[in-house]
$ cat structure_27.csv   # CSV, C-alpha atoms and all ligand atoms
chain,number,residue,atom,x,y,z
A,1,MET,CA,129.9,172.9,200.7
A,2,SER,CA,131.1,169.3,201.2
A,3,VAL,CA,130.9,167.5,204.5
A,4,VAL,CA,133.2,164.6,205.3
A,5,GLU,CA,132.3,162.5,208.4
A,6,VAL,CA,135.2,161.2,210.5
A,7,ASN,CA,133.7,158.1,212.2
A,8,GLY,CA,136.4,157.3,214.7
A,9,PRO,CA,136.0,156.9,218.5
A,10,SER,CA,134.4,160.4,218.7
A,11,PRO,CA,132.7,161.1,215.3
A,12,TYR,CA,132.9,164.6,213.9
A,13,GLN,CA,132.4,166.5,210.6
A,14,VAL,CA,134.9,168.3,208.4
A,15,ARG,CA,133.0,171.0,206.5
A,16,ILE,CA,134.7,172.2,203.3
A,17,GLY,CA,133.8,175.3,201.2
A,18,ALA,CA,133.6,179.1,201.0
A,19,ALA,CA,132.5,180.8,204.2
A,20,VAL,CA,132.1,177.6,206.3
A,21,SER,CA,133.8,179.3,209.2
A,22,ARG,CA,130.6,181.2,209.8
A,23,GLY,CA,129.3,178.0,211.3
A,24,LEU,CA,131.6,178.5,214.3
A,25,ALA,CA,129.0,180.6,216.2
A,26,ASP,CA,126.4,177.8,216.1
A,27,LEU,CA,129.0,175.2,217.1
A,28,THR,CA,130.1,177.2,220.2
A,29,VAL,CA,126.7,178.6,221.4
A,30,GLY,CA,126.7,179.0,225.2
A,31,SER,CA,130.5,178.6,225.6
A,32,ARG,CA,133.4,181.0,225.8
A,33,VAL,CA,135.9,180.7,223.0
A,34,ALA,CA,139.7,180.9,223.2
A,35,LEU,CA,140.6,181.9,219.7
A,36,ILE,CA,144.3,180.9,219.1
A,37,HIS,CA,145.8,182.3,216.0
A,38,PRO,CA,148.8,184.2,214.5
A,39,ALA,CA,148.5,187.9,213.6
A,40,SER,CA,148.8,186.9,209.9
A,41,VAL,CA,145.3,185.5,209.9
A,42,GLU,CA,143.6,188.5,211.5
A,43,PHE,CA,141.6,188.8,208.3
A,44,MET,CA,139.8,185.6,209.4
A,45,ALA,CA,140.0,186.2,213.1
A,46,GLY,CA,138.3,189.7,213.0
A,47,PRO,CA,135.0,188.5,211.4
A,48,LEU,CA,135.0,185.3,213.6
A,49,ARG,CA,135.4,187.4,216.8
A,50,GLU,CA,132.5,189.6,215.7
A,51,SER,CA,130.3,186.5,215.2
A,52,LEU,CA,130.9,185.1,218.7
A,53,ASP,CA,129.2,186.3,221.9
A,54,ARG,CA,132.0,185.5,224.3
A,55,VAL,CA,135.5,185.2,222.9
A,56,PHE,CA,139.1,186.2,223.7
A,57,ASP,CA,142.2,186.0,221.5
A,58,ILE,CA,145.5,184.3,222.2
A,59,GLU,CA,147.9,185.6,219.6
A,60,VAL,CA,150.8,183.2,218.8
A,61,PRO,CA,153.8,183.4,216.5
A,62,ASP,CA,153.6,182.2,212.9
A,63,ALA,CA,154.4,178.7,211.7
A,64,GLU,CA,156.8,176.4,213.7
A,65,ALA,CA,157.7,179.3,216.1
A,66,ALA,CA,154.3,178.6,217.7
A,67,LYS,CA,155.1,175.0,218.6
A,68,THR,CA,157.3,175.6,221.6
A,69,ALA,CA,157.0,174.9,225.3
A,70,THR,CA,157.2,178.6,226.0
A,71,VAL,CA,154.3,179.5,223.8
A,72,LEU,CA,152.3,176.6,225.2
A,73,ALA,CA,152.9,177.8,228.7
A,74,GLY,CA,151.9,181.3,227.7
A,75,CYS,CA,148.6,179.9,226.4
A,76,TRP,CA,147.9,178.0,229.7
A,77,ASP,CA,148.6,181.2,231.6
A,78,ARG,CA,146.1,183.1,229.5
A,79,LEU,CA,143.4,180.4,229.9
A,80,ALA,CA,144.0,180.6,233.7
A,81,ALA,CA,143.8,184.4,233.7
A,82,GLU,CA,140.6,184.3,231.6
A,83,GLY,CA,139.0,181.7,233.9
A,84,MET,CA,138.6,179.2,231.1
A,85,THR,CA,136.4,176.3,232.3
A,86,ARG,CA,135.8,172.7,231.1
A,87,GLY,CA,132.6,173.9,229.3
A,88,ASP,CA,134.6,176.3,227.1
A,89,VAL,CA,136.0,175.8,223.7
A,90,VAL,CA,139.5,176.2,222.2
A,91,VAL,CA,139.6,177.2,218.5
A,92,GLY,CA,142.8,176.8,216.4
A,93,LEU,CA,142.8,179.3,213.5
A,94,GLY,CA,145.8,179.1,211.2
A,95,GLY,CA,148.2,176.7,209.5
A,96,GLY,CA,149.2,173.3,210.6
A,97,ALA,CA,151.6,174.6,213.3
A,98,THR,CA,148.8,176.7,214.9
A,99,THR,CA,146.3,173.9,214.9
A,100,ASP,CA,148.9,171.4,216.3
A,101,LEU,CA,149.6,173.9,219.2
A,102,ALA,CA,145.9,174.8,219.8
A,103,GLY,CA,145.0,171.1,219.8
A,104,PHE,CA,147.6,170.4,222.4
A,105,VAL,CA,146.4,173.3,224.5
A,106,ALA,CA,142.9,171.8,224.3
A,107,ALA,CA,144.2,168.3,225.1
A,108,THR,CA,146.0,169.4,228.2
A,109,TRP,CA,143.8,172.2,229.7
A,110,MET,CA,141.9,170.7,232.6
A,111,ARG,CA,142.8,167.3,231.0
A,112,GLY,CA,140.9,168.1,227.9
A,113,VAL,CA,138.4,170.6,226.6
A,114,THR,CA,136.4,170.9,223.4
A,115,LEU,CA,138.5,171.8,220.3
A,116,ILE,CA,137.4,173.2,216.9
A,117,GLN,CA,139.9,173.5,214.2
A,118,VAL,CA,139.7,176.2,211.5
A,119,PRO,CA,142.7,175.6,209.2
A,120,THR,CA,143.8,178.4,206.9
A,121,THR,CA,146.3,176.5,204.6
A,122,VAL,CA,145.8,173.6,202.2
A,123,LEU,CA,148.2,171.5,204.2
A,124,GLY,CA,146.2,172.2,207.4
A,125,MET,CA,142.9,171.4,205.7
A,126,ALA,CA,144.1,168.2,203.9
A,127,ASP,CA,146.2,166.9,206.8
A,128,ALA,CA,147.2,168.6,210.0
A,129,ALA,CA,143.8,169.7,211.3
A,130,VAL,CA,142.0,166.4,210.7
A,131,GLY,CA,142.8,163.3,212.8
A,132,GLY,CA,143.5,164.5,216.3
A,133,LYS,CA,147.3,164.6,216.3
A,134,THR,CA,148.4,167.6,218.4
A,135,GLY,CA,151.8,168.6,219.8
A,136,ILE,CA,154.8,170.8,220.1
A,137,ASN,CA,158.5,170.6,219.1
A,138,ILE,CA,161.4,170.4,221.5
A,139,SER,CA,165.1,170.9,220.7
A,140,ALA,CA,165.6,167.1,220.2
A,141,GLY,CA,163.0,167.0,217.4
A,142,LYS,CA,159.7,167.9,215.8
A,143,ASN,CA,156.4,166.7,217.4
A,144,LEU,CA,158.2,164.8,220.1
A,145,VAL,CA,155.7,165.9,222.8
A,146,GLY,CA,152.0,165.7,222.0
A,147,ALA,CA,148.7,163.9,222.5
A,148,PHE,CA,145.8,162.5,220.4
A,149,HIS,CA,142.9,164.8,220.9
A,150,GLU,CA,140.1,164.8,218.4
A,151,PRO,CA,138.3,168.0,217.4
A,152,LYS,CA,134.5,168.5,217.7
A,153,ALA,CA,134.6,169.8,214.1
A,154,VAL,CA,136.9,171.0,211.4
A,155,LEU,CA,135.9,174.0,209.3
A,156,CYS,CA,137.9,174.2,206.1
A,157,ASP,CA,136.9,177.7,204.9
A,158,THR,CA,138.3,178.0,201.4
A,159,ASP,CA,138.0,181.8,201.5
A,160,ALA,CA,141.0,181.7,203.8
A,161,LEU,CA,143.1,180.4,200.8
A,162,ALA,CA,142.5,183.4,198.6
A,163,HIS,CA,145.7,185.1,199.6
A,164,LEU,CA,147.8,182.0,200.1
A,165,PRO,CA,151.1,182.3,198.1
A,166,LEU,CA,151.4,179.9,195.1
A,167,ARG,CA,154.3,178.2,196.9
A,168,GLU,CA,152.0,177.2,199.8
A,169,MET,CA,149.3,176.1,197.4
A,170,ARG,CA,151.8,173.8,195.6
A,171,SER,CA,153.2,172.5,198.8
A,172,GLY,CA,149.7,171.6,200.1
A,173,MET,CA,148.8,170.1,196.7
A,174,ALA,CA,151.7,167.6,197.2
A,175,GLU,CA,149.9,166.2,200.3
A,176,ILE,CA,146.7,166.0,198.3
A,177,VAL,CA,148.5,164.1,195.6
A,178,LYS,CA,149.9,161.8,198.3
A,179,CYS,CA,146.3,160.8,199.1
A,180,GLY,CA,145.9,160.0,195.5
A,181,PHE,CA,148.8,157.6,195.5
A,182,ILE,CA,147.9,155.8,198.7
A,183,ASN,CA,144.1,155.5,198.5
A,184,ASP,CA,142.3,157.5,195.8
A,185,PRO,CA,143.9,157.4,192.3
A,186,ARG,CA,141.0,159.6,190.9
A,187,ILE,CA,142.8,162.5,192.6
A,188,LEU,CA,145.8,161.9,190.3
A,189,SER,CA,143.8,162.0,187.1
A,190,ILE,CA,142.1,165.3,188.2
A,191,VAL,CA,145.5,166.9,188.9
A,192,GLU,CA,146.9,165.6,185.6
A,193,ASN,CA,143.9,166.8,183.7
A,194,ASP,CA,144.4,170.5,184.8
A,195,PRO,CA,147.3,171.2,187.2
A,196,VAL,CA,146.6,174.9,186.9
A,197,ALA,CA,143.0,174.7,188.0
A,198,VAL,CA,143.8,172.5,191.0
A,199,LEU,CA,146.1,175.3,192.3
A,200,ASP,CA,143.2,177.8,192.2
A,201,PRO,CA,141.3,177.6,195.5
A,202,ALA,CA,138.2,178.9,193.9
A,203,SER,CA,138.0,176.2,191.3
A,204,ASP,CA,135.7,173.1,191.3
A,205,ALA,CA,138.8,171.0,190.6
A,206,PHE,CA,140.4,172.2,193.8
A,207,HIS,CA,137.3,171.7,195.8
A,208,GLU,CA,137.0,168.1,194.5
A,209,VAL,CA,140.6,167.1,195.2
A,210,LEU,CA,140.6,168.7,198.6
A,211,THR,CA,137.4,166.9,199.6
A,212,ARG,CA,138.7,163.6,198.3
A,213,ALA,CA,142.0,164.0,200.3
A,214,VAL,CA,140.0,164.8,203.4
A,215,GLN,CA,137.9,161.7,202.8
A,216,VAL,CA,141.1,159.6,202.5
A,217,LYS,CA,142.4,161.1,205.8
A,218,ALA,CA,139.1,160.6,207.5
A,219,SER,CA,138.8,156.9,206.5
A,220,VAL,CA,142.4,156.2,207.5
A,221,VAL,CA,142.2,157.9,211.0
A,222,ALA,CA,138.8,156.4,211.7
A,223,ALA,CA,140.3,153.0,211.3
A,224,ASP,CA,143.6,153.6,213.1
A,225,LEU,CA,143.5,156.8,215.2
A,226,THR,CA,146.6,156.1,217.2
A,227,GLU,CA,148.8,154.7,214.4
A,228,SER,CA,148.9,151.3,216.0
A,229,THR,CA,148.2,148.9,213.1
A,230,SER,CA,150.6,148.2,210.2
A,231,ARG,CA,151.8,144.8,209.0
A,232,GLY,CA,152.6,143.9,205.4
A,233,THR,CA,149.8,145.1,203.2
A,234,ASP,CA,147.6,145.9,206.2
A,235,VAL,CA,148.9,149.4,206.7
A,236,GLY,CA,146.9,151.8,209.0
A,237,ARG,CA,147.6,155.4,209.7
A,238,GLU,CA,151.3,155.0,208.9
A,239,ARG,CA,150.3,155.0,205.2
A,240,LEU,CA,149.9,158.8,205.5
A,241,ASN,CA,153.7,158.9,205.7
A,242,TYR,CA,154.1,157.9,202.1
A,243,GLY,CA,157.2,159.8,201.0
A,244,HIS,CA,157.9,161.2,204.4
A,245,THR,CA,160.9,159.1,205.5
A,246,LEU,CA,163.2,160.9,203.0
A,247,ALA,CA,161.2,164.1,203.2
A,248,HIS,CA,161.7,164.6,207.0
A,249,ALA,CA,165.5,164.0,206.5
A,250,ILE,CA,165.6,166.6,203.7
A,251,GLU,CA,163.6,169.1,205.8
A,252,ALA,CA,166.1,168.7,208.7
A,253,HIS,CA,169.1,169.0,206.4
A,254,GLU,CA,167.8,172.1,204.6
A,255,HIS,CA,167.1,173.7,208.0
A,256,PHE,CA,163.4,173.7,207.4
A,257,THR,CA,163.7,176.2,204.5
A,258,TRP,CA,161.8,173.7,202.3
A,259,ARG,CA,158.0,173.6,202.8
A,260,HIS,CA,156.9,170.1,204.0
A,261,GLY,CA,155.0,169.3,200.8
A,262,GLU,CA,158.0,170.4,198.7
A,263,ALA,CA,160.2,167.8,200.5
A,264,ASP,CA,157.4,165.2,200.3
A,265,ALA,CA,157.2,165.6,196.5
A,266,VAL,CA,160.9,164.5,196.3
A,267,GLY,CA,160.2,161.9,199.0
A,268,MET,CA,157.4,160.4,197.0
A,269,ILE,CA,159.6,160.1,193.9
A,270,PHE,CA,162.1,158.3,196.1
A,271,ALA,CA,159.4,156.0,197.6
A,272,ALA,CA,158.1,155.2,194.1
A,273,GLU,CA,161.6,154.3,193.0
A,274,LEU,CA,162.0,152.0,196.0
A,275,SER,CA,158.5,150.6,195.4
A,276,ALA,CA,159.5,149.7,191.8
A,277,ARG,CA,162.5,147.8,193.2
A,278,GLU,CA,160.9,146.2,196.2
A,279,LEU,CA,157.2,145.8,195.2
A,280,GLY,CA,157.3,145.6,191.4
A,281,LEU,CA,155.6,149.0,191.0
A,282,ASP,CA,155.3,149.7,187.3
A,283,ARG,CA,158.0,152.1,186.0
A,284,GLN,CA,155.2,154.1,184.4
A,285,VAL,CA,153.9,155.0,187.8
A,286,VAL,CA,157.3,156.2,188.8
A,287,ASP,CA,157.5,158.4,185.7
A,288,ARG,CA,153.9,159.5,186.4
A,289,THR,CA,155.0,160.6,189.9
A,290,ARG,CA,157.7,162.8,188.5
A,291,GLU,CA,155.4,164.2,185.8
A,292,ILE,CA,152.6,165.1,188.3
A,293,MET,CA,155.1,166.9,190.7
A,294,ALA,CA,156.7,168.8,187.8
A,295,GLY,CA,153.3,169.7,186.4
A,296,LEU,CA,152.5,171.3,189.8
A,297,GLY,CA,155.7,173.3,189.7
A,298,LEU,CA,157.3,171.2,192.5
A,299,LEU,CA,160.9,170.1,192.5
A,300,THR,CA,161.6,166.6,191.3
A,301,THR,CA,165.3,166.5,192.1
A,302,PHE,CA,167.5,166.9,195.1
A,303,GLU,CA,171.2,168.0,195.2
A,304,GLY,CA,173.1,168.9,198.3
A,305,THR,CA,173.6,166.9,201.4
A,306,GLU,CA,175.3,163.6,200.7
A,307,TRP,CA,173.5,160.4,201.1
A,308,ALA,CA,175.3,159.2,204.2
A,309,LYS,CA,174.0,162.2,206.2
A,310,LEU,CA,170.4,161.8,205.1
A,311,ARG,CA,170.6,158.0,205.7
A,312,ALA,CA,171.8,158.6,209.3
A,313,THR,CA,168.9,161.1,209.9
A,314,MET,CA,166.4,158.5,208.7
A,315,ASN,CA,167.4,156.2,211.6
A,316,LEU,CA,165.4,158.7,213.8
A,317,ASP,CA,162.3,158.3,211.7
A,318,LYS,CA,159.4,157.4,213.9
A,319,LYS,CA,158.5,154.4,211.8
A,320,THR,CA,162.0,152.8,212.4
A,321,ARG,CA,161.9,149.8,214.7
A,322,GLY,CA,165.3,149.1,216.4
A,323,THR,CA,167.7,149.7,213.5
A,324,MET,CA,165.3,148.5,210.8
A,325,LEU,CA,164.1,151.3,208.5
A,326,ARG,CA,160.5,151.0,207.4
A,327,PHE,CA,159.1,152.8,204.3
A,328,VAL,CA,155.6,153.1,203.1
A,329,GLY,CA,155.5,151.7,199.6
A,330,ILE,CA,152.9,151.1,196.9
A,331,SER,CA,152.6,148.2,194.5
A,332,ALA,CA,150.1,150.3,192.4
A,333,PRO,CA,148.3,153.5,193.2
A,334,GLY,CA,145.9,152.8,196.0
A,335,HIS,CA,147.7,149.6,197.2
A,336,VAL,CA,150.0,150.2,200.1
A,337,THR,CA,152.6,147.8,201.6
A,338,MET,CA,155.3,148.4,204.3
A,339,ILE,CA,158.8,148.0,203.0
A,340,GLU,CA,160.9,146.8,206.0
A,341,GLY,CA,164.7,146.8,206.1
A,342,PRO,CA,165.3,147.4,202.4
A,343,ASP,CA,168.8,146.7,200.9
A,344,GLU,CA,171.2,149.6,201.6
A,345,HIS,CA,172.6,149.7,198.1
A,346,GLU,CA,169.1,149.8,196.7
A,347,LEU,CA,168.3,152.9,198.9
A,348,GLU,CA,171.4,154.6,197.7
A,349,GLU,CA,170.5,153.8,194.1
A,350,CYS,CA,167.0,155.3,194.6
A,351,PHE,CA,168.7,158.4,196.0
A,352,ALA,CA,171.0,158.6,193.0
A,353,THR,CA,167.9,158.9,190.7
A,354,LEU,CA,167.1,162.2,192.3
A,355,ALA,CA,170.3,163.9,191.1
A,356,PRO,CA,169.5,166.7,188.6
A,357,VAL,CA,170.3,165.7,185.0
A,358,VAL,CA,173.3,167.7,183.6
A,359,ASP,CA,173.2,168.4,179.9
B,1,LIG,N1,150.2,163.7,209.1
B,1,LIG,C1,150.2,162.3,209.3
B,1,LIG,C2,149.1,161.9,210.2
B,1,LIG,O1,148.2,162.6,210.5
B,1,LIG,O2,149.1,160.8,210.7

$ encode --input "structure_27.csv" --output "C-alpha cells"
Amino acid sequence: MSVVEVNGPSPYQVRIGAAVSRGLADLTVGSRVALIHPASVEFMAGPLRESLDRVFDIEVPDAEAAKTATVLAGCWDRLAAEGMTRGDVVVGLGGGATTDLAGFVAATWMRGVTLIQVPTTVLGMADAAVGGKTGINISAGKNLVGAFHEPKAVLCDTDALAHLPLREMRSGMAEIVKCGFINDPRILSIVENDPVAVLDPASDAFHEVLTRAVQVKASVVAADLTESTSRGTDVGRERLNYGHTLAHAIEAHEHFTWRHGEADAVGMIFAAELSARELGLDRQVVDRTREIMAGLGLLTTFEGTEWAKLRATMNLDKKTRGTMLRFVGISAPGHVTMIEGPDEHELEECFATLAPVVD
C-alpha cells in the first residue's frame, strides 16, 4: 500500500493499493454511513456494507447521468428520510461522476458533513476523487454548479479495477501521463518502458505511476485548492488542465461518446504543438507525446468537426478571461507556463497537425 498526504487546508490521506477499502470501517466508527454508488459497483458495495455497523445505500445512475439536479435532490430526500445528522458520513463509491455527486451531497447536506471517497476507476483515483472539487451538470454545461469540499480520506482500492474495460484503463492512463508532462517526467519513462504493464492494474508499474500521479495532484491542490493562482510560469491548479482546452471541445462535439482521457490524449498533442510554437518546446517532446499516446493504444488524430466549431466552443472554457483564450503549455516536461491569447493562425495550424495522414 502507498499513502499520499494531501497537506491543504484540511489535511487527509490518499491510500492506494489492493483491499484498502477495508479501512472504511475504522474511518467511520461510531457514525452512520450513506453509501452512494451505482448498481454497477455492487461487487464493491456488498462487502463494504457488510463491514459497516450502520449503513444505508443510495443507488444512483451510472456515469454522467448521476450528476443531475434531480438525482441530487433524490439524495437529499433520502438523507432526510434516514435522519442523517451532522455526525454522519457520506461515502462516494464509483467513478468520477459518482464521487463528484457524492462530494456535492456531502458539501451541501446540513452545510457540510464528512466525506470519504472510494473511487473505482483510474480516472477517479488519479484525478476526480482527490482535491475536493464536487458538483453536478446543468443543461448549460458540465460542472457549472458545485463546491470545494475536501474529503476526510480517499481509498483507491486497486482491486476495484480488476474488471475495468481496457478502454477505461487507457483513458485513465492518459490523465496519469498528463501528470508526467506537467510535474513528474519519471511517469513518462515508466510508461514508455512498458506500456502494456502500466495498463495492468495488478502490476508494480501501474501502482507506481498511479501513486506518482496522485502525488502530483496532492501537491498541486495543497498549494492552490481553489484554482486561484496562475500567472506566467507560476501556474497553480490550472496546470491540471494541460490538454483540456481542446479536449473539452472535442468531448462536447462528439456528444460525450469519447472518454475524457481519450479526448485529453489528443488535447495534449495539440497543447504540445502549441507549446513548441509559443514556448520553444523541443520537437522531440511533441513527437514523444504522440508516441506515448499511441503506445497506450490511444488515438493521436482527430477528424470530424471543423476547426471553427471547436474554436467557438473553446470560448466557453473556464480558463478563458473575457475573450482571451488561455492554454496550459510546457516549455519542457515538468515546466508549465500559461499561454495567453495565442495567435489564431497558430491555433489552426496546431489543429491541422491532428489530421490523420492519408497514404
Ligand atoms: N480535474 C482538474 C482539477 O481537479 O482541478

$ residues_around --input "structure_27.csv" --residues "segment 176-188 of chain A" --least-positions-apart "6" --cutoff "8 Å" --atoms "only C-alpha atoms" --output "short mmCIF file (atom, residue, chain, number, x, y, z; two decimals) with C-alpha atoms, in the coordinates of the input"
data_model
loop_
_atom_site.label_atom_id
_atom_site.label_comp_id
_atom_site.auth_asym_id
_atom_site.auth_seq_id
_atom_site.Cartn_x
_atom_site.Cartn_y
_atom_site.Cartn_z
CA ALA A 126 144.10 168.20 203.90
CA VAL A 209 140.60 167.10 195.20
CA LEU A 210 140.60 168.70 198.60
CA ARG A 212 138.70 163.60 198.30
CA ALA A 213 142.00 164.00 200.30
CA VAL A 216 141.10 159.60 202.50
CA LYS A 217 142.40 161.10 205.80
CA ARG A 239 150.30 155.00 205.20
CA LEU A 240 149.90 158.80 205.50
CA TYR A 242 154.10 157.90 202.10
CA MET A 268 157.40 160.40 197.00
CA ILE A 292 152.60 165.10 188.30
CA ILE A 330 152.90 151.10 196.90
CA PRO A 333 148.30 153.50 193.20
CA GLY A 334 145.90 152.80 196.00
CA HIS A 335 147.70 149.60 197.20
CA VAL A 336 150.00 150.20 200.10
#

$ residues_near_ligand --input "structure_27.csv" --ligand "ligand LIG 1 (chain B)" --cutoff "8 Å" --atoms "all atoms listed in the file" --output "mmCIF file with C-alpha atoms, in the coordinates of the input"
data_model
loop_
_atom_site.group_PDB
_atom_site.id
_atom_site.type_symbol
_atom_site.label_atom_id
_atom_site.label_comp_id
_atom_site.auth_asym_id
_atom_site.auth_seq_id
_atom_site.Cartn_x
_atom_site.Cartn_y
_atom_site.Cartn_z
ATOM 1 C CA ASP A 127 146.200 166.900 206.800
ATOM 2 C CA ALA A 128 147.200 168.600 210.000
ATOM 3 C CA VAL A 130 142.000 166.400 210.700
ATOM 4 C CA GLY A 131 142.800 163.300 212.800
ATOM 5 C CA GLY A 132 143.500 164.500 216.300
ATOM 6 C CA LYS A 133 147.300 164.600 216.300
ATOM 7 C CA LYS A 217 142.400 161.100 205.800
ATOM 8 C CA VAL A 221 142.200 157.900 211.000
ATOM 9 C CA GLU A 227 148.800 154.700 214.400
ATOM 10 C CA ARG A 237 147.600 155.400 209.700
ATOM 11 C CA GLU A 238 151.300 155.000 208.900
ATOM 12 C CA LEU A 240 149.900 158.800 205.500
ATOM 13 C CA ASN A 241 153.700 158.900 205.700
#

$ closest_residue --input "structure_27.csv" --among "A:Ser40, A:Asn193, A:Ser219, A:Ser2" --to "Val60 of chain A" --atoms "only C-alpha atoms"
A:Ser40

$ closest_residue --input "structure_27.csv" --among "A:Ala66, A:Val122, A:Leu325, A:Ala265" --to "Pro201 of chain A" --atoms "all atoms listed in the file"
A:Val122

$ closest_residue --input "structure_27.csv" --among "A:Phe148, A:Tyr12, A:Trp258, A:Trp76" --to "Leu27 of chain A" --atoms "only C-alpha atoms"
A:Tyr12

$ closest_residue --input "structure_27.csv" --among "A:Val105, A:Val286, A:Cys350, A:Gly146" --to "Ala332 of chain A" --atoms "all atoms listed in the file"
A:Val286

$ atom_distance --input "structure_27.csv" --atom1 "atom CA of Arg288 of chain A" --atom2 "atom CA of Leu246 of chain A"
19.1 Å

$ residues_around --input "structure_27.csv" --residues "Ala19 of chain A" --least-positions-apart "3" --cutoff "9 Å" --atoms "only C-alpha atoms" --output "count of residues only"
8
